[in-house]
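Just below is one structure, and these are the notes that go with it.
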Amino acid sequence: MRCIGLIGGMSWESSALYYRLLNEGVKQRLGGLHSARCVLASVDFAEIEAMQSAGRWDAAGDLLAGQARGLEAAGADAVLICTNTMHKVADTVAAAIGVPLLHLADVTADAVVASGLGTVALLGTRFTMEESFYADRLVARGLTVLTPDAGDRALVDRVIYTELVLGRVEDASRAAFVEVIGRLAARGAEGVILGCTEIELLVGPGDVELPVFATTRLHAQAAVDFALS
């Protein structure tokens with residue numbers, strides 16, 4: 001079994017989900033007492049969020065690159081950035097290591113393409129929804145990407161940063177997200193990408209009519225496939 005390196009802590013709530021999914025995936029595949037071989041570098045999210053807010057992406061990239069090098073030195077055979085937003089600095093991280101970086105957007109694109117859908121809604125932080133670093137990887141695979149309007153983007157971003165990353169899961173916010181997804185469906189979305197790892201704490205396949213692409217689960221599944229290949 002190959003070893004998976006995880007850059008986590010952004011937030012630790014979703015990193016805990018990654019850890020559980022990796023171990024469940026390995027146990028399901030191998031049975032018995034098997035669990036995932038992995039190493040985790042967990043950063044202080046307050047430091048990362050301050051860099052995001054200040055636009056200090058170069059500094060954030062350097063910080064995560066340093067964590068990735070540490071994971072490689074600890075024996076990781078591949079590295080995952082356990083957050084959608086910080087894939088804005090994925091190229092910096094990938095360039096710092098000699099093992100593969102399993103890019104979350106590519107894994108997600110694979111799943112959408114395999115489903116046969118062509119137009120998907122993308123929910124995430126304002127950085128993920130409003131900048132091109134994530135959607136461009138989807139468009140490169142032939143997908144059409146829809147994002148919420150400005151008011152809905154502000155709502156989604158606020159819920160992520162003031163509730164979900166703190167472990168708060170509010171029924172009112174779930175209802176609001178369902179309405180946002182409904183408006184995107186009316187614009188032609190055939191499925192919805194939960195492009196922030198914490199959104200999976202709030203919304204699942206049973207909450208909306210559209211097919212849901214849960215990026216944390218997809219990323220963890222790809223890591224298990226890599227580890228056991």
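Ligands are numbered from 1 in the order shown, residues from 1 within each chain, and chains are lettered A, B, ... in the order they appear in the structure tokens.
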
Review point. Which of range 5-228 of chain A counts as helix (DSSP H, G or I) under DSSP, as a PyMOL selection string please?
Key: chain A and resi 12-30+45-54+57-73+85-95+104-115+126-130+132-139+150-162+164-166+171-186+197-201+215-228

Point to revise | All residues 12 Å or closer to Ala186 in chain A, only C-alpha atoms, same chain fewer than 6 positions away omitted, as a ChimeraX atom specification | key: /A:119-121,146,148,179-180,209-210

Give me the residues near Leu166 in chain A as a short mmCIF file (atom, residue, chain, number, x, y, z; two decimals) with N, CA and C atoms, in the first residue's frame, where near means some atom within 9 Å (using only C-alpha atoms) and where sequence neighbours in that chain fewer than 6 positions away do not count.
data_model
loop_
_atom_site.label_atom_id
_atom_site.label_comp_id
_atom_site.auth_asym_id
_atom_site.auth_seq_id
_atom_site.Cartn_x
_atom_site.Cartn_y
_atom_site.Cartn_z
N SER A 11 -10.57 23.49 6.69
CA SER A 11 -10.49 23.44 8.13
C SER A 11 -10.26 22.01 8.62
N GLU A 13 -12.24 20.40 10.33
CA GLU A 13 -13.51 19.67 10.22
C GLU A 13 -13.52 18.79 8.97
N ILE A 160 -19.87 29.35 4.69
CA ILE A 160 -18.65 28.55 4.80
C ILE A 160 -17.74 29.09 5.90
#

Exercise for review: Might you pull out every residue within 12 Å of Gly116 in chain A, with only C-alpha atoms counted and same-chain residues fewer than 5 positions away left off, and present them as a ChimeraX atom specification?
Suggested key: /A:109-111,141-143,190-191,211

Surrounding residues of Val212 in chain A excluding itself and chain neighbours under 2 positions, 12 Å, only C-alpha atoms, as a PDB file with C-alpha atoms, in the first residue's frame:
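Below is the file that was written, selection-v1.pdb:
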ATOM      1  CA  THR A 108     -13.936  16.077  -9.808  1.00  0.00           C
ATOM      2  CA  ALA A 111     -16.372  12.131 -12.086  1.00  0.00           C
ATOM      3  CA  VAL A 112     -18.576  14.649 -13.899  1.00  0.00           C
ATOM      4  CA  SER A 115     -21.503  10.701 -15.367  1.00  0.00           C
ATOM      5  CA  LEU A 117     -23.279  15.474 -17.688  1.00  0.00           C
ATOM      6  CA  VAL A 120     -22.559  21.750 -13.687  1.00  0.00           C
ATOM      7  CA  ALA A 121     -23.051  24.292 -10.940  1.00  0.00           C
ATOM      8  CA  LEU A 122     -20.024  25.134  -8.796  1.00  0.00           C
ATOM      9  CA  LEU A 123     -20.410  26.129  -5.153  1.00  0.00           C
ATOM     10  CA  VAL A 178     -30.987  24.214  -1.557  1.00  0.00           C
ATOM     11  CA  ILE A 181     -28.921  25.150  -6.155  1.00  0.00           C
ATOM     12  CA  ALA A 189     -27.240  23.076 -14.292  1.00  0.00           C
ATOM     13  CA  GLU A 190     -27.504  19.306 -14.604  1.00  0.00           C
ATOM     14  CA  GLY A 191     -25.478  18.574 -11.487  1.00  0.00           C
ATOM     15  CA  VAL A 192     -23.803  20.443  -8.638  1.00  0.00           C
ATOM     16  CA  ILE A 193     -20.178  20.365  -7.496  1.00  0.00           C
ATOM     17  CA  LEU A 194     -19.786  20.922  -3.762  1.00  0.00           C
ATOM     18  CA  GLY A 195     -16.539  22.772  -4.388  1.00  0.00           C
ATOM     19  CA  ILE A 199     -20.238  22.008   2.181  1.00  0.00           C
ATOM     20  CA  GLU A 200     -20.568  18.230   2.446  1.00  0.00           C
ATOM     21  CA  VAL A 203     -25.763  19.390   1.846  1.00  0.00           C
ATOM     22  CA  GLY A 204     -25.956  15.856   0.506  1.00  0.00           C
ATOM     23  CA  PRO A 205     -27.612  13.912  -2.323  1.00  0.00           C
ATOM     24  CA  GLY A 206     -30.841  13.591  -0.345  1.00  0.00           C
ATOM     25  CA  ASP A 207     -31.261  17.353  -0.067  1.00  0.00           C
ATOM     26  CA  VAL A 208     -31.458  18.292  -3.757  1.00  0.00           C
ATOM     27  CA  GLU A 209     -32.786  16.778  -6.967  1.00  0.00           C
ATOM     28  CA  LEU A 210     -29.616  17.322  -8.994  1.00  0.00           C
ATOM     29  CA  ALA A 214     -18.991  15.719  -3.257  1.00  0.00           C
ATOM     30  CA  THR A 215     -15.382  16.741  -3.760  1.00  0.00           C
ATOM     31  CA  THR A 216     -14.004  15.443  -0.454  1.00  0.00           C
ATOM     32  CA  ARG A 217     -15.373  11.972  -1.109  1.00  0.00           C
ATOM     33  CA  LEU A 218     -14.172  11.996  -4.701  1.00  0.00           C
TER      34      LEU A 218
END

Please return, as a CSV table (one decimal) with C-alpha atoms, in the first residue's frame, all residues of range 55-85 of chain A that DSSP assigns to strand (DSSP E) on the basis of the backbone.
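Wrote part27.csv, looks like this:
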chain,number,residue,atom,x,y,z
A,78,ALA,CA,1.4,11.4,-3.3
A,79,VAL,CA,0.1,14.6,-1.8
A,80,LEU,CA,-3.4,15.9,-1.4
A,81,ILE,CA,-4.3,19.5,-0.6

Review point. For His87 in chain A, which residue out of A:Phe133, A:Trp57, A:Trp12, A:Phe45 is the nearest one, using only C-alpha atoms?
Key: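 Closest to His87 in chain A, using only C-alpha atoms: A:Phe133.
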
Any chance you could tabulate, as JSON lines, the residues of range 101-212 of chain A at most 12 Å from range 222-226 of chain A with each one's nearest atom pair and distance in Å to one decimal, using only C-alpha atoms, in chain and rising number order?
{"residue": "A:Leu101", "atom": "CA", "partner": "A:Ala223", "partner_atom": "CA", "distance": 10.2}
{"residue": "A:Leu102", "atom": "CA", "partner": "A:Ala223", "partner_atom": "CA", "distance": 7.5}
{"residue": "A:His103", "atom": "CA", "partner": "A:Ala222", "partner_atom": "CA", "distance": 9.8}
{"residue": "A:Leu104", "atom": "CA", "partner": "A:Ala222", "partner_atom": "CA", "distance": 9.1}
{"residue": "A:Ala105", "atom": "CA", "partner": "A:Ala222", "partner_atom": "CA", "distance": 11.6}
{"residue": "A:Asp106", "atom": "CA", "partner": "A:Ala222", "partner_atom": "CA", "distance": 10.3}
{"residue": "A:Val107", "atom": "CA", "partner": "A:Ala222", "partner_atom": "CA", "distance": 7.0}
{"residue": "A:Thr108", "atom": "CA", "partner": "A:Ala222", "partner_atom": "CA", "distance": 9.7}
{"residue": "A:Asp110", "atom": "CA", "partner": "A:Ala222", "partner_atom": "CA", "distance": 10.2}
{"residue": "A:Ala111", "atom": "CA", "partner": "A:Ala222", "partner_atom": "CA", "distance": 10.2}
